[in-house]
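Peer 1: Structure file query_29.cif, mmCIF, N, CA and C atoms, is pasted below:
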```cif
data_protein
loop_
_atom_site.label_atom_id
_atom_site.label_comp_id
_atom_site.auth_asym_id
_atom_site.auth_seq_id
_atom_site.Cartn_x
_atom_site.Cartn_y
_atom_site.Cartn_z
N MET T 1086 9.79 14.63 13.76
CA MET T 1086 8.64 13.78 13.97
C MET T 1086 9.15 12.38 14.33
N ALA T 1087 8.57 11.77 15.33
CA ALA T 1087 8.99 10.43 15.76
C ALA T 1087 8.16 9.37 15.04
N LEU T 1088 8.77 8.24 14.83
CA LEU T 1088 8.10 7.12 14.19
C LEU T 1088 7.18 6.44 15.21
N ARG T 1089 5.91 6.34 14.87
CA ARG T 1089 4.95 5.70 15.75
C ARG T 1089 5.18 4.20 15.78
N LYS T 1090 5.29 3.64 16.95
CA LYS T 1090 5.58 2.20 17.08
C LYS T 1090 4.35 1.33 16.87
N ASP T 1091 3.15 1.93 16.86
CA ASP T 1091 1.93 1.15 16.70
C ASP T 1091 1.47 1.05 15.25
N LEU T 1092 2.31 1.48 14.32
CA LEU T 1092 1.94 1.41 12.91
C LEU T 1092 1.74 -0.03 12.46
N ARG T 1093 0.74 -0.23 11.61
CA ARG T 1093 0.49 -1.54 11.01
C ARG T 1093 1.03 -1.48 9.59
N LEU T 1094 2.01 -2.33 9.30
CA LEU T 1094 2.65 -2.31 7.99
C LEU T 1094 2.44 -3.62 7.24
N LEU T 1095 2.35 -3.50 5.93
CA LEU T 1095 2.29 -4.66 5.06
C LEU T 1095 3.39 -4.51 4.01
N ILE T 1096 4.29 -5.48 3.96
CA ILE T 1096 5.38 -5.51 3.00
C ILE T 1096 4.97 -6.45 1.88
N VAL T 1097 5.05 -5.98 0.63
CA VAL T 1097 4.64 -6.79 -0.51
C VAL T 1097 5.79 -6.86 -1.50
N ASP T 1098 6.34 -8.05 -1.67
CA ASP T 1098 7.45 -8.24 -2.60
C ASP T 1098 7.51 -9.71 -2.96
N ASP T 1099 7.73 -9.99 -4.24
CA ASP T 1099 7.81 -11.38 -4.67
C ASP T 1099 9.14 -12.03 -4.28
N MET T 1100 10.11 -11.23 -3.88
CA MET T 1100 11.42 -11.73 -3.47
C MET T 1100 11.46 -11.87 -1.95
N ALA T 1101 11.62 -13.11 -1.49
CA ALA T 1101 11.64 -13.38 -0.05
C ALA T 1101 12.74 -12.61 0.67
N VAL T 1102 13.89 -12.47 0.03
CA VAL T 1102 15.01 -11.76 0.66
C VAL T 1102 14.64 -10.30 0.93
N SER T 1103 13.99 -9.66 -0.02
CA SER T 1103 13.57 -8.26 0.17
C SER T 1103 12.58 -8.14 1.31
N ARG T 1104 11.61 -9.05 1.35
CA ARG T 1104 10.63 -9.03 2.45
C ARG T 1104 11.33 -9.21 3.79
N GLN T 1105 12.28 -10.13 3.84
CA GLN T 1105 12.99 -10.42 5.08
C GLN T 1105 13.83 -9.23 5.53
N ILE T 1106 14.53 -8.59 4.61
CA ILE T 1106 15.37 -7.43 4.96
C ILE T 1106 14.50 -6.31 5.53
N LEU T 1107 13.42 -5.98 4.83
CA LEU T 1107 12.54 -4.91 5.32
C LEU T 1107 11.94 -5.25 6.67
N THR T 1108 11.49 -6.48 6.81
CA THR T 1108 10.89 -6.90 8.08
C THR T 1108 11.89 -6.79 9.22
N GLN T 1109 13.12 -7.21 8.99
CA GLN T 1109 14.14 -7.13 10.04
C GLN T 1109 14.43 -5.67 10.42
N ILE T 1110 14.55 -4.80 9.43
CA ILE T 1110 14.80 -3.39 9.73
C ILE T 1110 13.65 -2.81 10.54
N LEU T 1111 12.43 -3.10 10.12
CA LEU T 1111 11.26 -2.55 10.81
C LEU T 1111 11.15 -3.08 12.24
N GLU T 1112 11.44 -4.36 12.43
CA GLU T 1112 11.39 -4.92 13.77
C GLU T 1112 12.50 -4.34 14.65
N GLN T 1113 13.67 -4.08 14.07
CA GLN T 1113 14.75 -3.44 14.83
C GLN T 1113 14.37 -2.02 15.24
N LEU T 1114 13.49 -1.39 14.47
CA LEU T 1114 13.02 -0.05 14.81
C LEU T 1114 11.93 -0.09 15.88
N GLY T 1115 11.51 -1.29 16.28
CA GLY T 1115 10.52 -1.42 17.33
C GLY T 1115 9.10 -1.59 16.84
N LEU T 1116 8.91 -1.71 15.54
CA LEU T 1116 7.56 -1.93 15.01
C LEU T 1116 7.20 -3.40 15.17
N VAL T 1117 6.02 -3.67 15.71
CA VAL T 1117 5.65 -5.05 16.01
C VAL T 1117 4.57 -5.61 15.09
N ASP T 1118 3.82 -4.76 14.43
CA ASP T 1118 2.74 -5.23 13.55
C ASP T 1118 3.20 -5.12 12.09
N VAL T 1119 4.10 -6.01 11.72
CA VAL T 1119 4.65 -6.04 10.37
C VAL T 1119 4.27 -7.36 9.73
N ARG T 1120 3.53 -7.28 8.67
CA ARG T 1120 3.09 -8.47 7.94
C ARG T 1120 3.69 -8.42 6.55
N SER T 1121 3.63 -9.55 5.85
CA SER T 1121 4.18 -9.56 4.50
C SER T 1121 3.31 -10.40 3.58
N ALA T 1122 3.48 -10.13 2.29
CA ALA T 1122 2.78 -10.87 1.24
C ALA T 1122 3.73 -11.02 0.06
N HIS T 1123 3.62 -12.15 -0.62
CA HIS T 1123 4.52 -12.41 -1.74
C HIS T 1123 3.96 -11.97 -3.09
N SER T 1124 2.73 -11.48 -3.11
CA SER T 1124 2.13 -11.04 -4.37
C SER T 1124 1.07 -9.98 -4.10
N GLY T 1125 0.68 -9.28 -5.15
CA GLY T 1125 -0.38 -8.30 -5.03
C GLY T 1125 -1.69 -8.92 -4.61
N HIS T 1126 -1.98 -10.10 -5.16
CA HIS T 1126 -3.23 -10.78 -4.81
C HIS T 1126 -3.25 -11.16 -3.33
N GLU T 1127 -2.14 -11.69 -2.83
CA GLU T 1127 -2.07 -12.04 -1.41
C GLU T 1127 -2.17 -10.77 -0.55
N ALA T 1128 -1.58 -9.68 -1.01
CA ALA T 1128 -1.65 -8.42 -0.27
C ALA T 1128 -3.09 -7.96 -0.11
N LEU T 1129 -3.87 -8.04 -1.18
CA LEU T 1129 -5.28 -7.63 -1.10
C LEU T 1129 -6.05 -8.50 -0.13
N GLU T 1130 -5.76 -9.80 -0.11
CA GLU T 1130 -6.41 -10.70 0.85
C GLU T 1130 -6.04 -10.31 2.28
N ARG T 1131 -4.76 -10.04 2.50
CA ARG T 1131 -4.31 -9.67 3.85
C ARG T 1131 -4.92 -8.34 4.30
N LEU T 1132 -5.00 -7.38 3.38
CA LEU T 1132 -5.60 -6.08 3.72
C LEU T 1132 -7.07 -6.22 4.08
N ALA T 1133 -7.77 -7.13 3.41
CA ALA T 1133 -9.19 -7.35 3.71
C ALA T 1133 -9.35 -7.93 5.11
N GLN T 1134 -8.38 -8.75 5.54
CA GLN T 1134 -8.45 -9.39 6.85
C GLN T 1134 -7.87 -8.53 7.95
N HIS T 1135 -6.83 -7.77 7.62
CA HIS T 1135 -6.09 -7.00 8.63
C HIS T 1135 -5.63 -5.70 7.98
N PRO T 1136 -6.37 -4.62 8.15
CA PRO T 1136 -5.99 -3.35 7.52
C PRO T 1136 -4.59 -2.90 7.94
N ALA T 1137 -3.94 -2.17 7.05
CA ALA T 1137 -2.60 -1.65 7.31
C ALA T 1137 -2.63 -0.13 7.23
N ASP T 1138 -1.77 0.49 8.02
CA ASP T 1138 -1.60 1.94 7.91
C ASP T 1138 -0.74 2.28 6.70
N ILE T 1139 0.27 1.44 6.46
CA ILE T 1139 1.21 1.68 5.36
C ILE T 1139 1.48 0.38 4.63
N VAL T 1140 1.42 0.44 3.31
CA VAL T 1140 1.83 -0.67 2.44
C VAL T 1140 3.14 -0.25 1.77
N ILE T 1141 4.13 -1.13 1.84
CA ILE T 1141 5.38 -0.93 1.10
C ILE T 1141 5.43 -2.05 0.08
N ALA T 1142 5.32 -1.69 -1.21
CA ALA T 1142 5.22 -2.70 -2.26
C ALA T 1142 6.30 -2.51 -3.31
N ASP T 1143 6.79 -3.62 -3.81
CA ASP T 1143 7.75 -3.62 -4.90
C ASP T 1143 7.04 -3.22 -6.18
N LEU T 1144 7.72 -2.46 -7.01
CA LEU T 1144 7.16 -2.06 -8.30
C LEU T 1144 7.06 -3.25 -9.24
N ASN T 1145 8.11 -4.06 -9.30
CA ASN T 1145 8.19 -5.16 -10.27
C ASN T 1145 7.85 -6.49 -9.64
N MET T 1146 6.60 -6.91 -9.83
CA MET T 1146 6.15 -8.22 -9.37
C MET T 1146 5.36 -8.86 -10.50
N PRO T 1147 5.40 -10.19 -10.60
CA PRO T 1147 4.62 -10.85 -11.65
C PRO T 1147 3.12 -10.77 -11.36
N GLU T 1148 2.33 -10.93 -12.37
CA GLU T 1148 0.87 -10.92 -12.33
C GLU T 1148 0.28 -9.56 -11.95
N MET T 1149 0.56 -9.09 -10.77
CA MET T 1149 0.07 -7.79 -10.34
C MET T 1149 1.26 -6.98 -9.84
N ASP T 1150 1.69 -6.01 -10.65
CA ASP T 1150 2.84 -5.20 -10.22
C ASP T 1150 2.40 -4.19 -9.17
N GLY T 1151 3.35 -3.41 -8.67
CA GLY T 1151 3.06 -2.46 -7.61
C GLY T 1151 2.05 -1.40 -7.99
N ILE T 1152 2.03 -1.00 -9.26
CA ILE T 1152 1.06 0.02 -9.70
C ILE T 1152 -0.35 -0.55 -9.73
N LYS T 1153 -0.50 -1.77 -10.21
CA LYS T 1153 -1.84 -2.39 -10.21
C LYS T 1153 -2.33 -2.60 -8.78
N LEU T 1154 -1.42 -2.99 -7.89
CA LEU T 1154 -1.80 -3.12 -6.49
C LEU T 1154 -2.21 -1.77 -5.92
N LEU T 1155 -1.44 -0.75 -6.21
CA LEU T 1155 -1.77 0.61 -5.77
C LEU T 1155 -3.17 1.01 -6.24
N GLN T 1156 -3.48 0.75 -7.48
CA GLN T 1156 -4.80 1.10 -8.02
C GLN T 1156 -5.91 0.35 -7.29
N GLN T 1157 -5.67 -0.92 -6.97
CA GLN T 1157 -6.67 -1.71 -6.24
C GLN T 1157 -6.85 -1.17 -4.82
N VAL T 1158 -5.75 -0.83 -4.18
CA VAL T 1158 -5.82 -0.30 -2.81
C VAL T 1158 -6.57 1.03 -2.82
N ARG T 1159 -6.26 1.89 -3.76
CA ARG T 1159 -6.91 3.20 -3.83
C ARG T 1159 -8.40 3.09 -4.16
N SER T 1160 -8.81 2.03 -4.84
CA SER T 1160 -10.23 1.89 -5.19
C SER T 1160 -11.04 1.22 -4.09
N ASP T 1161 -10.39 0.73 -3.05
CA ASP T 1161 -11.08 0.05 -1.95
C ASP T 1161 -11.37 1.06 -0.84
N ARG T 1162 -12.64 1.29 -0.58
CA ARG T 1162 -13.04 2.28 0.43
C ARG T 1162 -12.50 1.95 1.82
N ARG T 1163 -12.30 0.65 2.09
CA ARG T 1163 -11.78 0.25 3.40
C ARG T 1163 -10.34 0.70 3.59
N CYS T 1164 -9.65 1.00 2.49
CA CYS T 1164 -8.23 1.38 2.54
C CYS T 1164 -8.01 2.86 2.28
N HIS T 1165 -9.04 3.67 2.48
CA HIS T 1165 -8.93 5.09 2.12
C HIS T 1165 -7.81 5.81 2.88
N ALA T 1166 -7.49 5.36 4.09
CA ALA T 1166 -6.45 6.02 4.87
C ALA T 1166 -5.09 5.34 4.75
N THR T 1167 -5.02 4.23 4.02
CA THR T 1167 -3.76 3.49 3.88
C THR T 1167 -2.77 4.28 3.04
N ARG T 1168 -1.58 4.44 3.56
CA ARG T 1168 -0.50 5.10 2.82
C ARG T 1168 0.24 4.07 2.01
N PHE T 1169 0.72 4.47 0.83
CA PHE T 1169 1.32 3.52 -0.10
C PHE T 1169 2.71 3.99 -0.50
N VAL T 1170 3.69 3.14 -0.22
CA VAL T 1170 5.09 3.40 -0.57
C VAL T 1170 5.49 2.37 -1.62
N LEU T 1171 6.01 2.84 -2.73
CA LEU T 1171 6.45 1.96 -3.80
C LEU T 1171 7.97 1.86 -3.77
N ALA T 1172 8.49 0.65 -3.90
CA ALA T 1172 9.94 0.42 -3.85
C ALA T 1172 10.43 -0.17 -5.16
N SER T 1173 11.63 0.25 -5.55
CA SER T 1173 12.25 -0.29 -6.76
C SER T 1173 13.74 0.01 -6.74
N GLY T 1174 14.48 -0.84 -7.43
CA GLY T 1174 15.90 -0.61 -7.58
C GLY T 1174 16.22 0.35 -8.70
N ASN T 1175 15.21 0.73 -9.48
CA ASN T 1175 15.40 1.66 -10.60
C ASN T 1175 14.62 2.93 -10.31
N ASP T 1176 15.29 3.92 -9.74
CA ASP T 1176 14.58 5.16 -9.39
C ASP T 1176 14.34 6.07 -10.59
N ALA T 1177 14.76 5.62 -11.79
CA ALA T 1177 14.48 6.38 -13.01
C ALA T 1177 13.37 5.74 -13.84
N ASP T 1178 12.73 4.71 -13.30
CA ASP T 1178 11.66 4.03 -14.02
C ASP T 1178 10.52 5.00 -14.27
N PRO T 1179 10.09 5.17 -15.52
CA PRO T 1179 9.01 6.11 -15.81
C PRO T 1179 7.67 5.74 -15.17
N ARG T 1180 7.54 4.49 -14.75
CA ARG T 1180 6.29 4.09 -14.10
C ARG T 1180 6.14 4.72 -12.71
N ILE T 1181 7.21 5.25 -12.17
CA ILE T 1181 7.12 5.93 -10.87
C ILE T 1181 6.22 7.16 -10.99
N ASP T 1182 6.33 7.88 -12.11
CA ASP T 1182 5.43 9.02 -12.34
C ASP T 1182 3.98 8.55 -12.45
N GLU T 1183 3.77 7.42 -13.12
CA GLU T 1183 2.42 6.84 -13.21
C GLU T 1183 1.90 6.50 -11.82
N ALA T 1184 2.77 5.97 -10.97
CA ALA T 1184 2.37 5.63 -9.60
C ALA T 1184 1.98 6.89 -8.83
N ARG T 1185 2.73 7.97 -9.01
CA ARG T 1185 2.37 9.24 -8.34
C ARG T 1185 0.99 9.70 -8.77
N MET T 1186 0.70 9.58 -10.06
CA MET T 1186 -0.62 10.00 -10.56
C MET T 1186 -1.73 9.11 -10.04
N ASN T 1187 -1.38 7.89 -9.62
CA ASN T 1187 -2.38 6.95 -9.09
C ASN T 1187 -2.46 6.98 -7.57
N GLY T 1188 -1.76 7.92 -6.93
CA GLY T 1188 -1.92 8.08 -5.49
C GLY T 1188 -0.80 7.52 -4.63
N MET T 1189 0.36 7.21 -5.21
CA MET T 1189 1.49 6.77 -4.39
C MET T 1189 1.88 7.91 -3.45
N ASP T 1190 2.14 7.56 -2.20
CA ASP T 1190 2.54 8.58 -1.23
C ASP T 1190 4.03 8.88 -1.28
N ARG T 1191 4.85 7.85 -1.38
CA ARG T 1191 6.31 8.03 -1.42
C ARG T 1191 6.96 6.91 -2.20
N PHE T 1192 8.16 7.18 -2.67
CA PHE T 1192 8.97 6.19 -3.36
C PHE T 1192 10.15 5.83 -2.46
N LEU T 1193 10.49 4.55 -2.39
CA LEU T 1193 11.60 4.06 -1.59
C LEU T 1193 12.58 3.32 -2.50
N PRO T 1194 13.76 3.89 -2.73
CA PRO T 1194 14.72 3.21 -3.59
C PRO T 1194 15.37 2.01 -2.90
N LYS T 1195 15.65 1.00 -3.70
CA LYS T 1195 16.42 -0.15 -3.24
C LYS T 1195 17.87 0.08 -3.65
N PRO T 1196 18.85 -0.43 -2.95
CA PRO T 1196 18.74 -1.28 -1.76
C PRO T 1196 18.25 -0.48 -0.55
N PHE T 1197 17.63 -1.19 0.37
CA PHE T 1197 17.04 -0.56 1.53
C PHE T 1197 18.10 -0.09 2.51
N CYS T 1198 17.86 1.07 3.06
CA CYS T 1198 18.74 1.67 4.05
C CYS T 1198 17.84 2.11 5.21
N ALA T 1199 18.22 1.76 6.43
CA ALA T 1199 17.38 2.04 7.60
C ALA T 1199 17.06 3.52 7.74
N ASP T 1200 18.05 4.39 7.56
CA ASP T 1200 17.82 5.83 7.71
C ASP T 1200 16.80 6.34 6.70
N ARG T 1201 16.94 5.94 5.46
CA ARG T 1201 16.01 6.37 4.41
C ARG T 1201 14.62 5.82 4.68
N LEU T 1202 14.54 4.56 5.11
CA LEU T 1202 13.26 3.94 5.41
C LEU T 1202 12.56 4.70 6.53
N ILE T 1203 13.29 5.07 7.56
CA ILE T 1203 12.71 5.83 8.68
C ILE T 1203 12.15 7.16 8.17
N ARG T 1204 12.92 7.87 7.34
CA ARG T 1204 12.45 9.16 6.82
C ARG T 1204 11.16 9.00 6.00
N VAL T 1205 11.12 7.96 5.17
CA VAL T 1205 9.92 7.72 4.35
C VAL T 1205 8.73 7.41 5.25
N LEU T 1206 8.93 6.52 6.21
CA LEU T 1206 7.82 6.14 7.10
C LEU T 1206 7.35 7.33 7.95
N GLU T 1207 8.29 8.11 8.45
CA GLU T 1207 7.90 9.29 9.23
C GLU T 1207 7.10 10.27 8.38
N SER T 1208 7.50 10.42 7.12
CA SER T 1208 6.81 11.40 6.26
C SER T 1208 5.39 10.95 5.95
N VAL T 1209 5.15 9.65 5.79
CA VAL T 1209 3.78 9.22 5.49
C VAL T 1209 2.96 8.96 6.73
N SER T 1210 3.59 8.53 7.82
CA SER T 1210 2.79 8.26 9.02
C SER T 1210 2.31 9.52 9.69
N GLY T 1211 2.95 10.63 9.43
CA GLY T 1211 2.50 11.90 9.98
C GLY T 1211 1.18 12.34 9.40
N ARG T 1212 0.79 11.74 8.29
CA ARG T 1212 -0.46 12.13 7.63
C ARG T 1212 -1.62 11.23 8.01
N LEU T 1213 -1.41 10.28 8.90
CA LEU T 1213 -2.49 9.38 9.29
C LEU T 1213 -3.44 10.06 10.26
#
```
Render the structure in this file as C-alpha coordinates.
Peer 2:
Amino acid sequence: MALRKDLRLLIVDDMAVSRQILTQILEQLGLVDVRSAHSGHEALERLAQHPADIVIADLNMPEMDGIKLLQQVRSDRRCHATRFVLASGNDADPRIDEARMNGMDRFLPKPFCADRLIRVLESVSGRL
(Lines of atoms letter the chains of each structure in order from A and count residues from 1; the text may use other names and numbers.)
(Lines give C-alpha, C1' and ligand atoms only; values in the text may rest on other atoms or scores of the structure.)
Protein backbone atom coordinates (compact mmCIF):
# COMPACT_ATOMS: atom_id res chain seq x y z
CA MET A 1 0.00 0.00 0.00
CA ALA A 2 1.39 3.43 -0.91
CA LEU A 3 1.34 6.39 1.41
CA ARG A 4 -1.18 8.98 0.22
CA LYS A 5 0.50 12.36 -0.21
CA ASP A 6 -2.74 14.29 0.40
CA LEU A 7 -3.08 13.17 4.01
CA ARG A 8 -3.81 15.88 6.57
CA LEU A 9 -1.75 15.28 9.70
CA LEU A 10 -1.66 16.89 13.11
CA ILE A 11 1.39 16.32 15.33
CA VAL A 12 0.77 16.90 19.04
CA ASP A 13 3.71 16.96 21.43
CA ASP A 14 4.77 19.30 24.20
CA MET A 15 8.41 18.88 23.15
CA ALA A 16 9.32 21.14 20.23
CA VAL A 17 12.16 18.83 19.16
CA SER A 18 9.79 15.87 18.78
CA ARG A 19 7.35 17.96 16.75
CA GLN A 20 10.18 19.19 14.54
CA ILE A 21 11.63 15.71 13.94
CA LEU A 22 8.25 14.25 12.97
CA THR A 23 7.42 17.21 10.76
CA GLN A 24 10.75 16.95 8.94
CA ILE A 25 10.33 13.21 8.33
CA LEU A 26 6.78 13.70 7.06
CA GLU A 27 7.78 16.55 4.76
CA GLN A 28 10.67 14.46 3.40
CA LEU A 29 8.08 11.80 2.58
CA GLY A 30 6.24 14.38 0.46
CA LEU A 31 3.38 15.15 2.82
CA VAL A 32 2.48 18.83 2.60
CA ASP A 33 -0.44 19.26 5.01
CA VAL A 34 1.38 18.72 8.31
CA ARG A 35 0.38 20.87 11.25
CA SER A 36 1.46 20.77 14.85
CA ALA A 37 0.24 21.63 18.33
CA HIS A 38 2.12 21.88 21.60
CA SER A 39 -0.75 20.67 23.81
CA GLY A 40 -3.96 18.69 23.77
CA HIS A 41 -5.99 21.86 24.14
CA GLU A 42 -4.28 23.48 21.16
CA ALA A 43 -4.79 20.26 19.17
CA LEU A 44 -8.55 20.37 19.77
CA GLU A 45 -8.64 24.01 18.62
CA ARG A 46 -6.69 23.15 15.47
CA LEU A 47 -8.93 20.15 14.71
CA ALA A 48 -12.02 22.35 15.02
CA GLN A 49 -10.51 24.77 12.47
CA HIS A 50 -8.78 22.28 10.17
CA PRO A 51 -9.77 18.60 10.36
CA ALA A 52 -7.01 16.01 10.16
CA ASP A 53 -7.00 12.52 8.72
CA ILE A 54 -4.42 11.37 11.26
CA VAL A 55 -3.39 12.69 14.68
CA ILE A 56 -0.02 11.62 16.05
CA ALA A 57 0.07 12.52 19.74
CA ASP A 58 2.55 12.05 22.54
CA LEU A 59 1.30 9.97 25.45
CA ASN A 60 3.00 12.10 28.13
CA MET A 61 1.96 15.74 27.99
CA PRO A 62 1.04 18.10 30.83
CA GLU A 63 -2.58 19.08 31.49
CA MET A 64 -4.07 16.85 28.79
CA ASP A 65 -2.11 13.69 28.06
CA GLY A 66 -2.46 11.68 24.86
CA ILE A 67 -5.22 9.46 26.27
CA LYS A 68 -7.37 12.41 27.34
CA LEU A 69 -6.86 13.94 23.91
CA LEU A 70 -7.80 10.63 22.30
CA GLN A 71 -11.01 10.52 24.35
CA GLN A 72 -11.90 14.07 23.30
CA VAL A 73 -11.22 13.32 19.64
CA ARG A 74 -13.30 10.14 19.77
CA SER A 75 -16.22 11.99 21.40
CA ASP A 76 -16.29 14.69 18.69
CA ARG A 77 -18.60 13.73 15.83
CA ARG A 78 -16.62 15.95 13.45
CA CYS A 79 -13.59 13.69 14.02
CA HIS A 80 -15.31 10.34 13.53
CA ALA A 81 -12.99 9.40 10.65
CA THR A 82 -9.80 10.76 12.23
CA ARG A 83 -7.19 8.08 12.88
CA PHE A 84 -5.23 8.36 16.11
CA VAL A 85 -1.62 7.28 16.61
CA LEU A 86 -0.15 7.48 20.11
CA ALA A 87 3.61 7.91 20.54
CA SER A 88 5.80 7.23 23.55
CA GLY A 89 9.33 6.30 24.45
CA ASN A 90 8.00 3.63 26.82
CA ASP A 91 6.34 0.89 24.78
CA ALA A 92 5.64 -1.06 28.00
CA ASP A 93 3.52 1.70 29.53
CA PRO A 94 0.26 0.10 30.76
CA ARG A 95 -1.66 3.16 29.57
CA ILE A 96 -1.13 1.96 26.00
CA ASP A 97 -3.71 -0.77 26.67
CA GLU A 98 -6.06 1.91 28.02
CA ALA A 99 -5.51 3.88 24.82
CA ARG A 100 -6.40 0.82 22.72
CA MET A 101 -9.65 0.45 24.67
CA ASN A 102 -10.38 4.13 23.97
CA GLY A 103 -9.98 3.79 20.21
CA MET A 104 -6.28 4.29 19.48
CA ASP A 105 -5.54 3.04 15.98
CA ARG A 106 -1.79 2.43 16.31
CA PHE A 107 1.13 2.94 18.66
CA LEU A 108 4.37 4.58 17.47
CA PRO A 109 7.45 4.01 19.64
CA LYS A 110 10.03 6.73 20.12
CA PRO A 111 12.67 7.47 18.98
CA PHE A 112 11.09 8.04 15.60
CA CYS A 113 12.29 6.07 12.62
CA ALA A 114 11.14 6.94 9.08
CA ASP A 115 10.53 3.32 8.05
CA ARG A 116 8.40 2.56 11.12
CA LEU A 117 6.51 5.84 10.72
CA ILE A 118 5.71 5.00 7.09
CA ARG A 119 4.40 1.54 8.08
CA VAL A 120 2.19 3.03 10.81
CA LEU A 121 0.82 5.74 8.52
CA GLU A 122 0.18 3.28 5.69
CA SER A 123 -1.66 0.94 8.05
CA VAL A 124 -4.02 3.65 9.32
CA SER A 125 -4.45 5.65 6.12
CA GLY A 126 -5.66 2.58 4.30
CA ARG A 127 -8.73 2.66 6.51
CA LEU A 128 -9.80 6.18 5.56
Peer 1: For Val1205 in chain T, which residue among T:Ala1172, T:Ile1181, T:Ala1137, T:Met1186 is the nearest when counting only C-alpha atoms?
Peer 2: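 That would be T:Ala1172, the residue with the smallest distance to Val1205 in chain T.
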Peer 1: For Gly1188 in chain T, which of T:Ser1103, T:Ser1124, T:Ser1208, T:Gln1156 is the closest residue, counting all atoms listed in the file?
Peer 2: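 Looking only at the distances to Gly1188 in chain T, the closest residue turns out to be T:Gln1156.
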Peer 1: Can you pull out the residues contacting range 1159-1166 of chain T? Cut-off 12 Å, using only C-alpha atoms, and skip same-chain residues under 4 positions away; I want them as JSON, numbers by chain.
Peer 2: {"T": [1093, 1129, 1131, 1132, 1133, 1134, 1135, 1136, 1137, 1138, 1139, 1140, 1152, 1153, 1154, 1155, 1184, 1185, 1186, 1187, 1188, 1189, 1190, 1209, 1210, 1211, 1212, 1213]}
Peer 1: Please list as a VMD selection string every residue within 6 Å of Lys1090 in chain T, counting all atoms listed in the file and excluding residues in the same chain fewer than 2 positions away.
Peer 2: chain T and resid 1088 1092 1115 to 1117
Peer 1: Do a neighbour search on range 1194-1200 of chain T at 8 Å with only N, CA and C atoms, toss out local chain neighbours closer than 4 positions, and write the hits as an MDAnalysis selection string.
Peer 2: chainID T and resid 1106:1107 1110:1111 1171:1176 1204:1206
Peer 1: Those residues with N, CA and C atoms, as a tab-separated table (two decimals), keeping the file's coordinate frame please?
Peer 2:
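Output file part.tsv is given in full below:
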```tsv
chain	number	residue	atom	x	y	z
T	1106	ILE	N	14.53	-8.59	4.61
T	1106	ILE	CA	15.37	-7.43	4.96
T	1106	ILE	C	14.50	-6.31	5.53
T	1107	LEU	N	13.42	-5.98	4.83
T	1107	LEU	CA	12.54	-4.91	5.32
T	1107	LEU	C	11.94	-5.25	6.67
T	1110	ILE	N	14.55	-4.80	9.43
T	1110	ILE	CA	14.80	-3.39	9.73
T	1110	ILE	C	13.65	-2.81	10.54
T	1111	LEU	N	12.43	-3.10	10.12
T	1111	LEU	CA	11.26	-2.55	10.81
T	1111	LEU	C	11.15	-3.08	12.24
T	1171	LEU	N	6.01	2.84	-2.73
T	1171	LEU	CA	6.45	1.96	-3.80
T	1171	LEU	C	7.97	1.86	-3.77
T	1172	ALA	N	8.49	0.65	-3.90
T	1172	ALA	CA	9.94	0.42	-3.85
T	1172	ALA	C	10.43	-0.17	-5.16
T	1173	SER	N	11.63	0.25	-5.55
T	1173	SER	CA	12.25	-0.29	-6.76
T	1173	SER	C	13.74	0.01	-6.74
T	1174	GLY	N	14.48	-0.84	-7.43
T	1174	GLY	CA	15.90	-0.61	-7.58
T	1174	GLY	C	16.22	0.35	-8.70
T	1175	ASN	N	15.21	0.73	-9.48
T	1175	ASN	CA	15.40	1.66	-10.60
T	1175	ASN	C	14.62	2.93	-10.31
T	1176	ASP	N	15.29	3.92	-9.74
T	1176	ASP	CA	14.58	5.16	-9.39
T	1176	ASP	C	14.34	6.07	-10.59
T	1204	ARG	N	12.92	7.87	7.34
T	1204	ARG	CA	12.45	9.16	6.82
T	1204	ARG	C	11.16	9.00	6.00
T	1205	VAL	N	11.12	7.96	5.17
T	1205	VAL	CA	9.92	7.72	4.35
T	1205	VAL	C	8.73	7.41	5.25
T	1206	LEU	N	8.93	6.52	6.21
T	1206	LEU	CA	7.82	6.14	7.10
T	1206	LEU	C	7.35	7.33	7.95
```
Peer 1: At what distance in Å, to one decimal, does CA of Met1149 in chain T lie from atom N of Pro1179 in chain T?
Peer 2: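 Distance reported for this atom pair: 17.2 Å.
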Peer 1: Determine the nearest neighbour of Phe1192 in chain T from the options T:Val1102, T:Ala1177, T:Val1170, T:Gln1157, counting only N, CA and C atoms.
Peer 2: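 Going through T:Val1102, T:Ala1177, T:Val1170, T:Gln1157 one by one, the smallest distance to Phe1192 in chain T is for T:Val1170.
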Peer 1: Mind the document's chain letters and residue numbers, and return as a list in words the residues of chain T that DSSP labels strand (DSSP E or B).
Peer 2: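 So the strand (DSSP E or B) residues in chain T would be Arg1093, Leu1094, Leu1095, Ile1096, Val1097, Asp1118, Val1119, Arg1120, Ser1121, Ala1122, Ile1139, Val1140, Ile1141, Ala1142, Asp1143, Arg1168, Phe1169, Val1170, Leu1171, Ala1172, Ser1173, Arg1191, Phe1192, Leu1193 and Pro1194 of chain T.
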Peer 1: Pick the closest to Asp1143 in chain T from T:Asp1178, T:Glu1130, T:Asp1118, T:Asp1099: which is it, counting all atoms listed in the file?
Peer 2: T:Asp1099
Peer 1: Quick check, in Å to one decimal: how far apart do atom C of Met1146 in chain T and atom N of Val1097 in chain T lie?
Peer 2: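 So the two atoms, atom C of Met1146 in chain T and atom N of Val1097 in chain T, lie 11.5 Å apart.
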Peer 1: Expressed in Å to a single decimal, how great is the separation between atom N of Leu1095 in chain T and atom N of Ala1122 in chain T?
Peer 2: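 Taking atom N of Leu1095 in chain T as the start and atom N of Ala1122 in chain T as the end point, the length is 7.6 Å.
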